[in-house]
$ cat query03.cif   # mmCIF, C-alpha atoms
data_input
#
loop_
_atom_site.label_atom_id
_atom_site.label_comp_id
_atom_site.auth_asym_id
_atom_site.auth_seq_id
_atom_site.Cartn_x
_atom_site.Cartn_y
_atom_site.Cartn_z
CA MET A 30 26.53 17.58 1.40
CA SER A 31 24.83 14.31 2.34
CA VAL A 32 23.05 12.46 -0.46
CA ILE A 33 19.98 10.25 0.06
CA TRP A 34 18.48 8.12 -2.68
CA HIS A 35 14.74 8.17 -2.01
CA HIS A 36 12.84 5.19 -3.40
CA GLY A 37 9.04 5.20 -3.67
CA ALA A 38 6.03 5.55 -5.96
CA TRP A 39 6.88 9.04 -7.17
CA ASN A 40 4.91 9.51 -10.38
CA ARG A 41 1.24 10.47 -10.73
CA ASN A 42 -0.46 10.28 -7.33
CA PHE A 43 -0.86 13.60 -5.48
CA GLY A 44 -0.97 11.83 -2.10
CA ASP A 45 2.34 10.11 -2.77
CA TRP A 46 3.91 13.45 -3.73
CA VAL A 47 2.76 14.82 -0.37
CA LEU A 48 4.48 11.85 1.26
CA PHE A 49 7.65 12.45 -0.80
CA ASP A 50 7.73 16.13 0.19
CA SER A 51 7.00 15.45 3.85
CA ILE A 52 9.68 12.79 4.34
CA GLN A 53 12.32 15.03 2.83
CA HIS A 54 11.12 18.06 4.81
CA HIS A 55 11.35 16.21 8.12
CA LEU A 56 14.68 14.53 7.40
CA ARG A 57 16.22 17.90 6.52
CA GLN A 58 14.71 19.35 9.68
CA ALA A 59 16.13 16.51 11.79
CA ALA A 60 19.54 16.84 10.13
CA GLY A 61 19.68 20.57 10.73
CA ARG A 62 21.35 21.11 7.37
CA ASP A 63 20.65 20.72 3.70
CA VAL A 64 20.45 17.20 2.32
CA HIS A 65 20.33 16.32 -1.37
CA PHE A 66 17.68 13.77 -2.36
CA VAL A 67 17.72 11.68 -5.52
CA PRO A 68 14.17 10.47 -6.32
CA VAL A 69 13.84 6.87 -7.51
CA ASP A 70 10.47 5.76 -8.93
CA SER A 71 9.69 2.33 -7.53
CA GLN A 72 7.36 1.47 -10.41
CA ARG A 73 9.94 2.14 -13.13
CA THR A 74 13.24 1.15 -11.55
CA ALA A 75 15.02 -2.19 -11.39
CA TYR A 76 18.25 -2.40 -9.38
CA ARG A 77 20.94 -4.23 -11.35
CA ASP A 78 24.71 -4.13 -11.03
CA GLU A 79 25.19 -0.81 -12.86
CA LEU A 80 22.58 1.03 -10.78
CA ILE A 81 23.76 -0.52 -7.52
CA ALA A 82 27.33 0.59 -8.31
CA LYS A 83 26.09 4.14 -8.94
CA LEU A 84 24.13 4.07 -5.66
CA ASN A 85 27.19 2.92 -3.72
CA ALA A 86 29.42 5.55 -5.35
CA GLU A 87 27.10 8.53 -4.96
CA ALA A 88 24.77 8.02 -1.99
CA ASP A 89 25.21 8.13 1.75
CA LEU A 90 21.88 6.43 2.41
CA LEU A 91 19.09 4.56 0.59
CA VAL A 92 15.60 5.26 1.96
CA VAL A 93 12.88 2.90 0.72
CA GLY A 94 9.41 4.30 1.39
CA GLY A 95 7.08 5.34 2.64
CA GLY A 96 3.73 4.48 1.18
CA GLY A 97 1.94 1.25 0.39
CA LEU A 98 4.94 -0.47 -1.17
CA ILE A 99 3.90 -3.97 -0.08
CA PHE A 100 1.85 -4.11 -3.24
CA ASN A 101 1.94 -6.75 -5.97
CA ARG A 102 1.79 -4.92 -9.32
CA PRO A 103 2.39 -7.56 -12.01
CA GLU A 104 2.79 -4.78 -14.59
CA ASP A 105 6.04 -3.75 -12.87
CA ASN A 106 7.66 -7.15 -13.45
CA SER A 107 9.18 -6.90 -10.00
CA VAL A 108 11.42 -9.82 -9.01
CA SER A 109 10.66 -9.22 -5.32
CA GLY A 110 6.84 -9.42 -5.17
CA TRP A 111 6.65 -5.84 -3.90
CA GLN A 112 7.77 -2.39 -5.02
CA PHE A 113 11.48 -2.79 -4.37
CA ASN A 114 12.61 -4.40 -7.60
CA ILE A 115 15.93 -5.98 -6.75
CA ARG A 116 16.90 -9.65 -6.90
CA PRO A 117 17.31 -11.25 -3.45
CA GLU A 118 20.94 -12.10 -4.18
CA ASP A 119 21.68 -8.47 -5.06
CA ILE A 120 20.41 -6.83 -1.87
CA GLU A 121 23.67 -7.48 -0.06
CA LYS A 122 25.56 -5.65 -2.83
CA ILE A 123 24.16 -2.39 -1.44
CA LYS A 124 26.97 -0.98 0.69
CA VAL A 125 25.31 2.20 1.95
CA PRO A 126 22.91 1.97 4.90
CA LEU A 127 19.41 0.88 3.89
CA VAL A 128 16.40 2.36 5.69
CA VAL A 129 12.87 1.05 5.15
CA TYR A 130 10.69 4.02 6.02
CA GLY A 131 7.06 3.58 7.11
CA ILE A 132 5.93 1.17 4.40
CA GLY A 133 2.39 -0.20 4.28
CA TYR A 134 0.52 -3.36 3.34
CA ASN A 135 -1.40 -2.58 0.17
CA ARG A 136 -3.49 -5.54 -0.91
CA PHE A 137 -6.89 -4.56 -2.30
CA PRO A 138 -9.97 -6.06 -0.60
CA PHE A 139 -11.20 -8.03 -3.65
CA ASP A 140 -7.88 -8.91 -5.25
CA GLY A 141 -8.03 -12.68 -5.57
CA ASN A 142 -4.30 -13.04 -6.19
CA ASP A 143 -1.93 -13.53 -3.31
CA PHE A 144 1.61 -12.19 -3.34
CA PRO A 145 4.28 -14.24 -5.11
CA PRO A 146 6.12 -16.72 -2.85
CA VAL A 147 9.33 -14.67 -3.15
CA LEU A 148 7.79 -11.82 -1.11
CA ASN A 149 8.31 -13.40 2.30
CA THR A 150 11.96 -14.30 1.81
CA HIS A 151 12.68 -10.99 0.09
CA LEU A 152 11.14 -8.87 2.87
CA LYS A 153 13.02 -10.93 5.46
CA LYS A 154 16.34 -10.40 3.70
CA VAL A 155 15.69 -6.67 3.33
CA GLN A 156 14.91 -6.49 7.04
CA ASP A 157 18.06 -8.42 7.94
CA LEU A 158 20.22 -6.03 5.92
CA SER A 159 18.46 -2.81 6.91
CA ALA A 160 19.94 -0.38 9.38
CA LEU A 161 16.38 0.66 10.32
CA PHE A 162 13.03 -0.84 9.37
CA SER A 163 9.59 0.64 9.99
CA VAL A 164 5.97 0.22 8.90
CA ARG A 165 3.19 2.80 9.02
CA ASN A 166 0.56 0.94 11.06
CA ARG A 167 0.08 -2.03 13.33
CA GLY A 168 -1.94 -3.88 10.70
CA THR A 169 1.07 -3.94 8.38
CA ARG A 170 3.21 -5.10 11.28
CA ARG A 171 0.88 -8.07 11.83
CA GLU A 172 0.97 -8.95 8.14
CA ILE A 173 4.75 -9.03 7.88
CA GLU A 174 5.23 -10.77 11.20
CA ARG A 175 2.94 -13.47 9.79
CA ARG A 176 5.31 -13.66 6.84
CA GLY A 177 8.28 -14.41 9.07
CA LEU A 178 9.87 -11.04 9.83
CA ASP A 179 11.49 -10.35 13.19
CA PRO A 180 9.05 -8.35 15.37
CA GLN A 181 11.94 -6.96 17.41
CA LYS A 182 13.26 -5.13 14.35
CA ILE A 183 9.98 -3.53 13.26
CA ARG A 184 9.09 -0.02 14.35
CA VAL A 185 5.62 1.42 13.80
CA VAL A 186 5.92 5.02 12.61
CA SER A 187 3.05 7.11 11.21
CA ASP A 188 2.93 7.74 7.48
CA ALA A 189 4.77 11.02 6.91
CA GLY A 190 1.73 12.38 5.09
CA VAL A 191 0.14 12.81 8.51
CA PHE A 192 2.73 15.49 9.33
CA ALA A 193 3.06 17.01 5.87
CA PRO A 194 3.78 20.73 5.54
CA SER A 195 0.86 22.82 4.34
CA THR A 196 0.63 25.94 2.19
CA ALA A 197 -2.44 28.14 2.59
CA LEU A 198 -4.38 28.90 -0.57
CA LYS A 199 -7.67 30.34 -1.72
CA ILE A 200 -9.88 27.94 -3.66
CA PRO A 201 -12.12 29.87 -6.08
CA GLY A 202 -15.79 29.27 -5.40
CA LEU A 203 -15.32 27.79 -1.92
CA ASP A 204 -17.37 29.63 0.70
CA PRO A 205 -15.66 29.57 4.13
CA GLN A 206 -18.99 30.36 5.80
CA ARG A 207 -20.44 26.99 4.75
CA PRO A 208 -19.45 23.55 6.07
CA VAL A 209 -17.03 22.00 3.58
CA ILE A 210 -17.13 18.25 2.99
CA GLY A 211 -14.13 17.01 1.05
CA ILE A 212 -14.53 13.86 -1.01
CA ASN A 213 -11.85 11.75 -2.63
CA VAL A 214 -12.73 8.70 -4.72
CA ALA A 215 -10.27 6.32 -6.35
CA GLY A 216 -10.92 5.34 -9.95
CA ASP A 217 -8.23 2.71 -10.41
CA ARG A 218 -8.77 -1.05 -10.06
CA PRO A 219 -12.56 -1.17 -9.59
CA HIS A 220 -12.33 -4.96 -10.05
CA HIS A 221 -10.22 -5.07 -6.87
CA ARG A 222 -12.14 -2.42 -4.89
CA PHE A 223 -15.63 -3.82 -5.57
CA PRO A 224 -16.73 -7.46 -5.23
CA GLY A 225 -18.39 -8.03 -8.60
CA ARG A 226 -20.95 -10.28 -6.94
CA THR A 227 -24.15 -8.61 -8.07
CA ALA A 228 -22.94 -6.84 -11.23
CA ALA A 229 -19.80 -5.84 -13.06
CA PRO A 230 -17.40 -3.99 -10.70
CA ALA A 231 -17.82 -0.78 -12.73
CA ASP A 232 -21.60 -0.97 -12.24
CA GLU A 233 -21.17 -1.60 -8.52
CA GLU A 234 -18.81 1.35 -8.34
CA ARG A 235 -21.44 3.58 -9.94
CA LYS A 236 -24.14 2.36 -7.56
CA TYR A 237 -21.92 3.10 -4.56
CA TYR A 238 -21.12 6.59 -5.83
CA GLU A 239 -24.81 7.28 -6.43
CA VAL A 240 -25.53 6.55 -2.77
CA LEU A 241 -22.71 8.91 -1.74
CA ALA A 242 -23.75 11.65 -4.16
CA ASP A 243 -27.38 11.50 -3.06
CA ALA A 244 -26.28 11.58 0.59
CA LEU A 245 -24.16 14.67 -0.08
CA ALA A 246 -27.11 16.33 -1.84
CA LEU A 247 -29.10 15.85 1.37
CA LEU A 248 -26.26 17.46 3.35
CA VAL A 249 -26.29 20.43 0.97
CA LYS A 250 -30.00 20.86 1.66
CA GLU A 251 -30.00 20.13 5.39
CA GLN A 252 -26.62 21.54 6.49
CA ASN A 253 -25.97 24.16 3.78
CA ALA A 254 -22.86 22.09 3.03
CA GLN A 255 -20.49 22.58 0.14
CA VAL A 256 -18.56 19.70 -1.42
CA LEU A 257 -14.88 19.87 -2.40
CA PHE A 258 -14.00 17.14 -4.92
CA LEU A 259 -10.34 16.15 -4.44
CA PRO A 260 -8.82 14.01 -7.22
CA HIS A 261 -5.39 12.57 -6.43
CA ILE A 262 -4.73 11.01 -9.84
CA LEU A 263 -5.60 12.94 -12.98
CA GLU A 264 -8.38 11.52 -15.14
CA ILE A 265 -8.68 8.26 -13.18
CA ASP A 266 -10.09 9.90 -10.06
CA GLU A 267 -12.00 12.41 -12.16
CA GLU A 268 -14.16 9.82 -13.92
CA ALA A 269 -16.77 10.05 -11.15
CA ARG A 270 -16.89 13.86 -11.22
CA PRO A 271 -19.86 14.12 -13.67
CA LEU A 272 -21.95 11.80 -11.52
CA PHE A 273 -21.37 13.87 -8.38
CA ARG A 274 -21.90 17.13 -10.27
CA SER A 275 -25.22 15.86 -11.65
CA ARG A 276 -26.46 15.57 -8.05
CA LEU A 277 -24.70 18.59 -6.54
CA GLY A 278 -24.46 21.19 -9.31
CA ASP A 279 -22.75 24.41 -8.23
CA ASN A 280 -22.58 23.15 -4.65
CA MET A 281 -19.56 21.07 -5.68
CA ILE A 282 -16.13 22.61 -6.33
CA CYS A 283 -13.55 20.42 -8.05
CA PHE A 284 -10.05 21.25 -6.79
CA LYS A 285 -8.49 20.46 -10.15
CA GLU A 286 -11.00 22.62 -12.06
CA ALA A 287 -10.62 25.49 -9.61
CA LEU A 288 -6.79 25.42 -9.63
CA PRO A 289 -5.64 23.53 -12.74
CA GLN A 290 -2.16 25.05 -12.41
CA LEU A 291 -1.51 22.74 -9.45
CA TYR A 292 -1.81 19.68 -11.68
CA PRO A 293 -0.30 17.32 -12.72
CA PRO A 294 0.76 16.39 -9.19
CA ALA A 295 4.37 17.15 -8.30
CA ALA A 296 6.55 17.70 -5.25
CA ILE A 297 6.52 21.47 -5.75
CA THR A 298 2.73 21.67 -5.43
CA ALA A 299 2.23 18.93 -2.81
CA SER A 300 1.79 21.28 0.14
CA PHE A 301 -1.10 23.02 -1.67
CA LEU A 302 -3.08 19.77 -1.62
CA VAL A 303 -2.56 19.67 2.14
CA GLY A 304 -3.80 23.27 2.23
CA ALA A 305 -6.98 22.13 0.51
CA TYR A 306 -7.58 19.48 3.18
CA ASP A 307 -7.09 22.21 5.81
CA GLN A 308 -10.23 23.90 4.50
CA CYS A 309 -12.47 20.87 5.01
CA ASN A 310 -14.73 20.33 8.01
CA LEU A 311 -15.01 16.63 7.15
CA VAL A 312 -13.38 14.35 4.58
CA LEU A 313 -14.75 11.24 2.88
CA GLY A 314 -11.68 9.41 1.64
CA MET A 315 -11.20 6.33 -0.49
CA ARG A 316 -7.46 6.68 -1.01
CA GLY A 317 -5.20 6.08 1.96
CA HIS A 318 -3.68 9.54 1.89
CA ALA A 319 -7.08 11.22 1.74
CA CYS A 320 -7.74 9.83 5.22
CA LEU A 321 -4.16 10.27 6.43
CA LEU A 322 -4.07 13.94 5.44
CA ALA A 323 -7.41 14.61 7.12
CA TYR A 324 -6.24 12.81 10.27
CA GLY A 325 -3.04 14.84 10.40
CA ARG A 326 -4.88 18.14 9.99
CA GLY A 327 -7.29 17.32 12.81
CA VAL A 328 -10.16 17.05 10.33
CA PRO A 329 -12.81 14.36 11.01
CA PHE A 330 -12.99 11.74 8.27
CA LEU A 331 -14.88 8.68 7.10
CA ALA A 332 -13.20 6.01 5.01
CA LEU A 333 -14.92 4.95 1.79
CA GLY A 334 -14.83 1.22 1.11
CA GLY A 335 -12.79 -1.33 3.01
CA HIS A 336 -9.15 -1.14 1.92
CA ALA A 337 -6.58 -2.28 4.46
CA LYS A 338 -4.84 1.11 4.21
CA THR A 339 -7.80 2.96 5.71
CA SER A 340 -8.96 0.15 8.00
CA PHE A 341 -5.51 -0.10 9.60
CA LEU A 342 -5.41 3.67 10.18
CA LEU A 343 -8.83 3.64 11.85
CA GLU A 344 -7.71 0.76 14.06
CA ASP A 345 -4.57 2.63 15.15
CA ILE A 346 -6.46 5.74 16.20
CA GLY A 347 -9.20 3.82 18.01
CA LEU A 348 -12.01 4.51 15.55
CA PRO A 349 -12.59 1.11 13.91
CA GLY A 350 -15.54 0.82 11.56
CA ARG A 351 -15.69 4.54 10.85
CA GLN A 352 -16.35 3.95 7.18
CA LEU A 353 -19.12 3.85 4.61
CA SER A 354 -19.22 0.22 3.56
CA THR A 355 -19.40 -0.76 -0.09
CA ASP A 356 -21.11 -4.04 0.83
CA ARG A 357 -23.90 -2.31 2.74
CA ALA A 358 -24.46 0.21 -0.04
CA LEU A 359 -24.56 -2.45 -2.75
CA SER A 360 -27.01 -4.60 -0.78
CA GLY A 361 -29.32 -1.62 -0.33
CA GLU A 362 -28.85 -1.65 3.44
CA LEU A 363 -26.95 1.65 3.38
CA THR A 364 -29.31 4.18 1.84
CA ALA A 365 -28.52 7.78 0.95
CA THR A 366 -30.56 8.90 3.96
CA GLU A 367 -28.61 6.69 6.37
CA ALA A 368 -25.30 7.70 4.78
CA ALA A 369 -26.24 11.36 5.21
CA SER A 370 -27.02 10.68 8.88
CA ILE A 371 -23.62 8.99 9.40
CA ILE A 372 -21.82 11.87 7.68
CA THR A 373 -23.71 14.43 9.79
CA GLU A 374 -22.81 12.59 12.99
CA ALA A 375 -19.13 12.47 11.99
CA LEU A 376 -19.20 16.17 11.11
CA HIS A 377 -20.24 17.07 14.67
CA ASP A 378 -18.47 14.29 16.64
CA LYS A 379 -16.26 16.21 19.09
CA GLU A 380 -15.19 13.05 20.92
CA ALA A 381 -13.77 11.48 17.74
CA ARG A 382 -11.92 14.67 16.88
CA SER A 383 -10.45 14.76 20.39
CA ARG A 384 -9.30 11.15 19.94
CA GLN A 385 -7.59 12.09 16.68
CA ILE A 386 -5.69 14.92 18.34
CA THR A 387 -4.66 12.79 21.33
CA THR A 388 -3.29 9.98 19.18
CA LEU A 389 -1.52 12.52 16.95
CA GLU A 390 0.52 13.82 19.86
CA ALA A 391 1.92 10.37 20.68
CA ALA A 392 2.47 9.56 17.01
CA ARG A 393 4.40 12.80 16.48
CA ALA A 394 6.86 12.01 19.27
CA GLU A 395 7.68 8.62 17.73
CA PHE A 396 7.85 10.11 14.24
CA ASP A 397 10.35 12.78 15.31
CA ALA A 398 12.50 10.20 17.13
CA TRP A 399 12.50 8.01 14.02
CA ASN A 400 13.70 10.84 11.78
CA ARG A 401 16.51 11.66 14.19
CA ASP A 402 17.61 8.01 14.10
CA VAL A 403 17.56 8.01 10.28
CA VAL A 404 19.72 11.12 9.88
CA ALA A 405 22.13 9.85 12.55
CA LEU A 406 23.17 7.26 9.93
CA LEU A 407 24.51 10.11 7.79
CA ASP A 408 27.11 10.90 10.45
CA ARG A 409 28.10 7.34 11.22
CA PRO A 410 31.78 6.56 11.94
CA GLY A 411 33.69 5.31 8.92
CA LYS A 412 31.37 6.96 6.43
CA LYS A 413 32.93 7.23 3.01
#
$ encode --input "query03.cif" --output "structure tokens"
Amino acid sequence: MSVIWHHGAWNRNFGDWVLFDSIQHHLRQAAGRDVHFVPVDSQRTAYRDELIAKLNAEADLLVVGGGGLIFNRPEDNSVSGWQFNIRPEDIEKIKVPLVVYGIGYNRFPFDGNDFPPVLNTHLKKVQDLSALFSVRNRGTRREIERRGLDPQKIRVVSDAGVFAPSTALKIPGLDPQRPVIGINVAGDRPHHRFPGRTAAPADEERKYYEVLADALALLVKEQNAQVLFLPHILEIDEEARPLFRSRLGDNMICFKEALPQLYPPAAITASFLVGAYDQCNLVLGMRGHACLLAYGRGVPFLALGGHAKTSFLLEDIGLPGRQLSTDRALSGELTATEAASIITEALHDKEARSRQITTLEAARAEFDAWNRDVVALLDRPGKK
């Protein structure tokens, strides 16, 4: 049996577990046989001689990604400047083929710190030694080309979350006869998501959520809408739940409250989260995978805030600016009434939905070709 070490942020984020499950599902499908995967948590793993020796002895392939791994997390003490914690001089000690799979640029909009200088040389060396190298959007491609990587060796392949398998489920309290608006907010790093120009970032965050909650209350009244609150990270994403419930009452269903047995997030329950997105008529998403999952299910979506992850996706599918801006909400320019109007328009925008479906077809062809190329490395001549 072939063995793939699968390196990524596999810990607490439901969206990342969907990504984990989807990559493995599609690689097995492309291989046409069972493949054993060894999960490696990028945020808790440093590659030193002992671990590299184990990798070389046991694995047939090392897959790094997908997800927003081009992310400087000082708390990880990474020697690379991103979420592949291996010293530059040790990369060449990896003797099995290395595949960089659909990684993304993940710098927060108000993070004042640039990446460490080592990032550029490290990414370049990883690219040079990779059998295959791909990113998940054209925006990431621009960023790494600017950092000196070879554009001829970069493929753009959709995030695997777009094509994640789904499991149907019944969500208690959700009425299929009413329009369902899914909302995902991200509670981590408010000091990097909000500017802190007019107040503390936490206060700006609250003001932004109040605009959204009041807009959704208008949709409940005007469209008979129901709101599905979709936390990806336990507790952190749930901090805003009381604020939304205070405006929406019983018209809001929290996915975690309705089906607590699906939490904490894990690979085994990942497809149920996708099943929840299937039941939405529109999604408001702050996390990258909230928008990616909606896109892949053919569900219209609006991005919340201005993170590169969502902006790059909107650019790729030809819907730039389809977001509810934090700046406009904080300045008072984006009122709850205007936000409700934007959400209503998106809910009924057939042209945008058609664009999503058209771009999905082309993206799927490239995605399938990519997975075939990855598994072809498992049957390479001279394999140990």
$ residues_near_point --input "query03.cif" --point "(-5.4, -3.4, 6.0)" --cutoff "8 Å" --atoms "all atoms listed in the file" --output "MDAnalysis selection string"
chainID A and resid 134:136 168:169 336:341
$ closest_residue --input "query03.cif" --among "A:Gln290, A:Ser195, A:Thr364, A:Asn166" --to "Ala244 of chain A" --atoms "all atoms listed in the file"
A:Thr364
$ resolve_selection --input "query03.cif" --expression "the PyMOL selection byres ((chain A and resi 260-268) around 6)" --output "list in words"
Asn42, Phe43, Asn213, Ala215, Gly216, Leu259, Ala269 and Arg270 of chain A
$ resolve_selection --input "query03.cif" --expression "the PyMOL selection byres ((chain A and resi 378-390) around 10)" --output "list in words"
Ser187, Val191, Phe192, Ala323, Tyr324, Gly325, Arg326, Gly327, Val328, Pro329, Phe330, Leu343, Asp345, Ile346, Gly347, Leu348, Arg351, Ile372, Thr373, Glu374, Ala375, Leu376, His377, Ala391, Ala392, Arg393, Ala394, Glu395 and Phe396 of chain A
$ closest_residue --input "query03.cif" --among "A:Thr298, A:Ser31, A:Ser275, A:Gln72" --to "Ser51 of chain A" --atoms "only C-alpha atoms"
A:Thr298
$ atom_distance --input "query03.cif" --atom1 "atom CA of Ile115 of chain A" --atom2 "atom CA of Arg77 of chain A"
7.0 Å
$ atom_distance --input "query03.cif" --atom1 "atom CA of Arg167 of chain A" --atom2 "atom CA of Val93 of chain A"
18.6 Å
$ atom_distance --input "query03.cif" --atom1 "atom CA of Gln255 of chain A" --atom2 "atom CA of Pro289 of chain A"
19.7 Å
$ resolve_selection --input "query03.cif" --expression "the PyMOL selection byres ((chain A and resi 110) around 9)" --output "VMD selection string"
chain A and resid 99 to 103 106 to 109 111 to 114 144 to 149 151
$ axis_aligned_box --input "query03.cif" --around "segment 33-42 of chain A" --padding-each-side "4 Å" --output "lines of an AutoDock Vina configuration file"
center_x = 9.8
center_y = 7.8
center_z = -5.3
size_x = 28.4
size_y = 13.3
size_z = 18.8
$ closest_residue --input "query03.cif" --among "A:Lys122, A:Arg73, A:Lys182, A:Arg176" --to "Gly37 of chain A" --atoms "only C-alpha atoms"
A:Arg73
$ closest_residue --input "query03.cif" --among "A:Val249, A:Val256, A:Ala365, A:Leu56" --to "Asp397 of chain A" --atoms "all atoms listed in the file"
A:Leu56
$ closest_atom_pairs --input "query03.cif" --of "segment 288-371 of chain A" --to "segment 221-241 of chain A" --cutoff "10 Å" --atoms "only C-alpha atoms" --output "CSV"
residue,atom,partner,partner_atom,distance
A:Leu313,CA,A:Leu241,CA,9.5
A:Met315,CA,A:Arg222,CA,9.8
A:Leu333,CA,A:Leu241,CA,9.4
A:Gly334,CA,A:Arg222,CA,7.5
A:Gly335,CA,A:Arg222,CA,8.0
A:His336,CA,A:Arg222,CA,7.5
A:Leu353,CA,A:Leu241,CA,8.9
A:Ser354,CA,A:Tyr237,CA,9.0
A:Thr355,CA,A:Tyr237,CA,6.4
A:Asp356,CA,A:Pro224,CA,8.2
A:Arg357,CA,A:Tyr237,CA,9.3
A:Ala358,CA,A:Tyr237,CA,5.9
A:Leu359,CA,A:Tyr237,CA,6.4
A:Ser360,CA,A:Thr227,CA,8.8
A:Gly361,CA,A:Val240,CA,9.3
A:Leu363,CA,A:Val240,CA,8.0
A:Thr364,CA,A:Val240,CA,6.4
A:Ala365,CA,A:Val240,CA,4.9
A:Thr366,CA,A:Val240,CA,8.7
A:Glu367,CA,A:Val240,CA,9.6
A:Ala368,CA,A:Leu241,CA,7.1
A:Ala369,CA,A:Leu241,CA,8.2
$ closest_residue --input "query03.cif" --among "A:Pro194, A:Pro138, A:Pro293, A:Gly131" --to "Tyr306 of chain A" --atoms "only C-alpha atoms"
A:Pro194
$ residues_near_point --input "query03.cif" --point "(18.4, 18.4, 6.3)" --cutoff "12 Å" --atoms "only C-alpha atoms" --output "list in words"
Met30, Ser31, Val32, Ile33, Ile52, Gln53, His54, His55, Leu56, Arg57, Gln58, Ala59, Ala60, Gly61, Arg62, Asp63, Val64, His65, Phe66, Asn400, Arg401, Val403, Val404, Ala405 and Leu407 of chain A
$ residues_around --input "query03.cif" --residues "Val155 of chain A" --least-positions-apart "3" --cutoff "9 Å" --atoms "all atoms listed in the file" --output "NGL selection string"
:A and (117 or 120-121 or 127 or 129 or 150-152 or 158-159 or 162)
$ closest_residue --input "query03.cif" --among "A:Phe273, A:Asp105, A:Ala332, A:Gly141" --to "His220 of chain A" --atoms "all atoms listed in the file"
A:Gly141
$ residues_around --input "query03.cif" --residues "Gln252 of chain A" --least-positions-apart "4" --cutoff "10 Å" --atoms "all atoms listed in the file" --output "list in words"
Arg207, Pro208, Leu245, Ala246, Leu247, Leu248 and Thr373 of chain A
$ residues_around --input "query03.cif" --residues "Trp39 of chain A" --least-positions-apart "3" --cutoff "8 Å" --atoms "only C-alpha atoms" --output "ChimeraX atom specification"
/A:42,45-46,49,68-71
$ decode --input "query03.cif" --residues "segment 344-356 of chain A" --atoms "N, CA and C atoms" --output "short mmCIF file (atom, residue, chain, number, x, y, z; two decimals), in the first residue's frame"
data_model
loop_
_atom_site.label_atom_id
_atom_site.label_comp_id
_atom_site.auth_asym_id
_atom_site.auth_seq_id
_atom_site.Cartn_x
_atom_site.Cartn_y
_atom_site.Cartn_z
N GLU A 344 -11.84 37.31 -7.04
CA GLU A 344 -11.15 37.72 -8.26
C GLU A 344 -11.13 36.57 -9.27
N ASP A 345 -10.81 35.37 -8.80
CA ASP A 345 -10.69 34.22 -9.70
C ASP A 345 -12.01 33.86 -10.37
N ILE A 346 -13.13 34.08 -9.69
CA ILE A 346 -14.41 33.69 -10.28
C ILE A 346 -15.13 34.87 -10.93
N GLY A 347 -14.42 36.00 -11.03
CA GLY A 347 -14.97 37.14 -11.75
C GLY A 347 -16.04 37.91 -11.01
N LEU A 348 -15.98 37.87 -9.67
CA LEU A 348 -16.95 38.62 -8.86
C LEU A 348 -16.22 39.50 -7.84
N PRO A 349 -15.28 40.33 -8.29
CA PRO A 349 -14.52 41.15 -7.35
C PRO A 349 -15.43 42.14 -6.62
N GLY A 350 -15.09 42.40 -5.37
CA GLY A 350 -15.86 43.37 -4.60
C GLY A 350 -17.15 42.84 -4.02
N ARG A 351 -17.41 41.57 -4.18
CA ARG A 351 -18.66 41.00 -3.66
C ARG A 351 -18.47 40.69 -2.17
N GLN A 352 -18.37 41.74 -1.39
CA GLN A 352 -18.10 41.60 0.03
C GLN A 352 -18.74 42.74 0.81
N LEU A 353 -18.92 42.52 2.09
CA LEU A 353 -19.44 43.55 2.98
C LEU A 353 -18.25 44.12 3.74
N SER A 354 -17.87 45.30 3.37
CA SER A 354 -16.62 45.92 3.82
C SER A 354 -16.66 46.31 5.29
N THR A 355 -15.59 45.97 6.00
CA THR A 355 -15.47 46.42 7.39
C THR A 355 -15.30 47.94 7.43
N ASP A 356 -14.49 48.48 6.53
CA ASP A 356 -14.24 49.92 6.54
C ASP A 356 -15.53 50.71 6.38
#
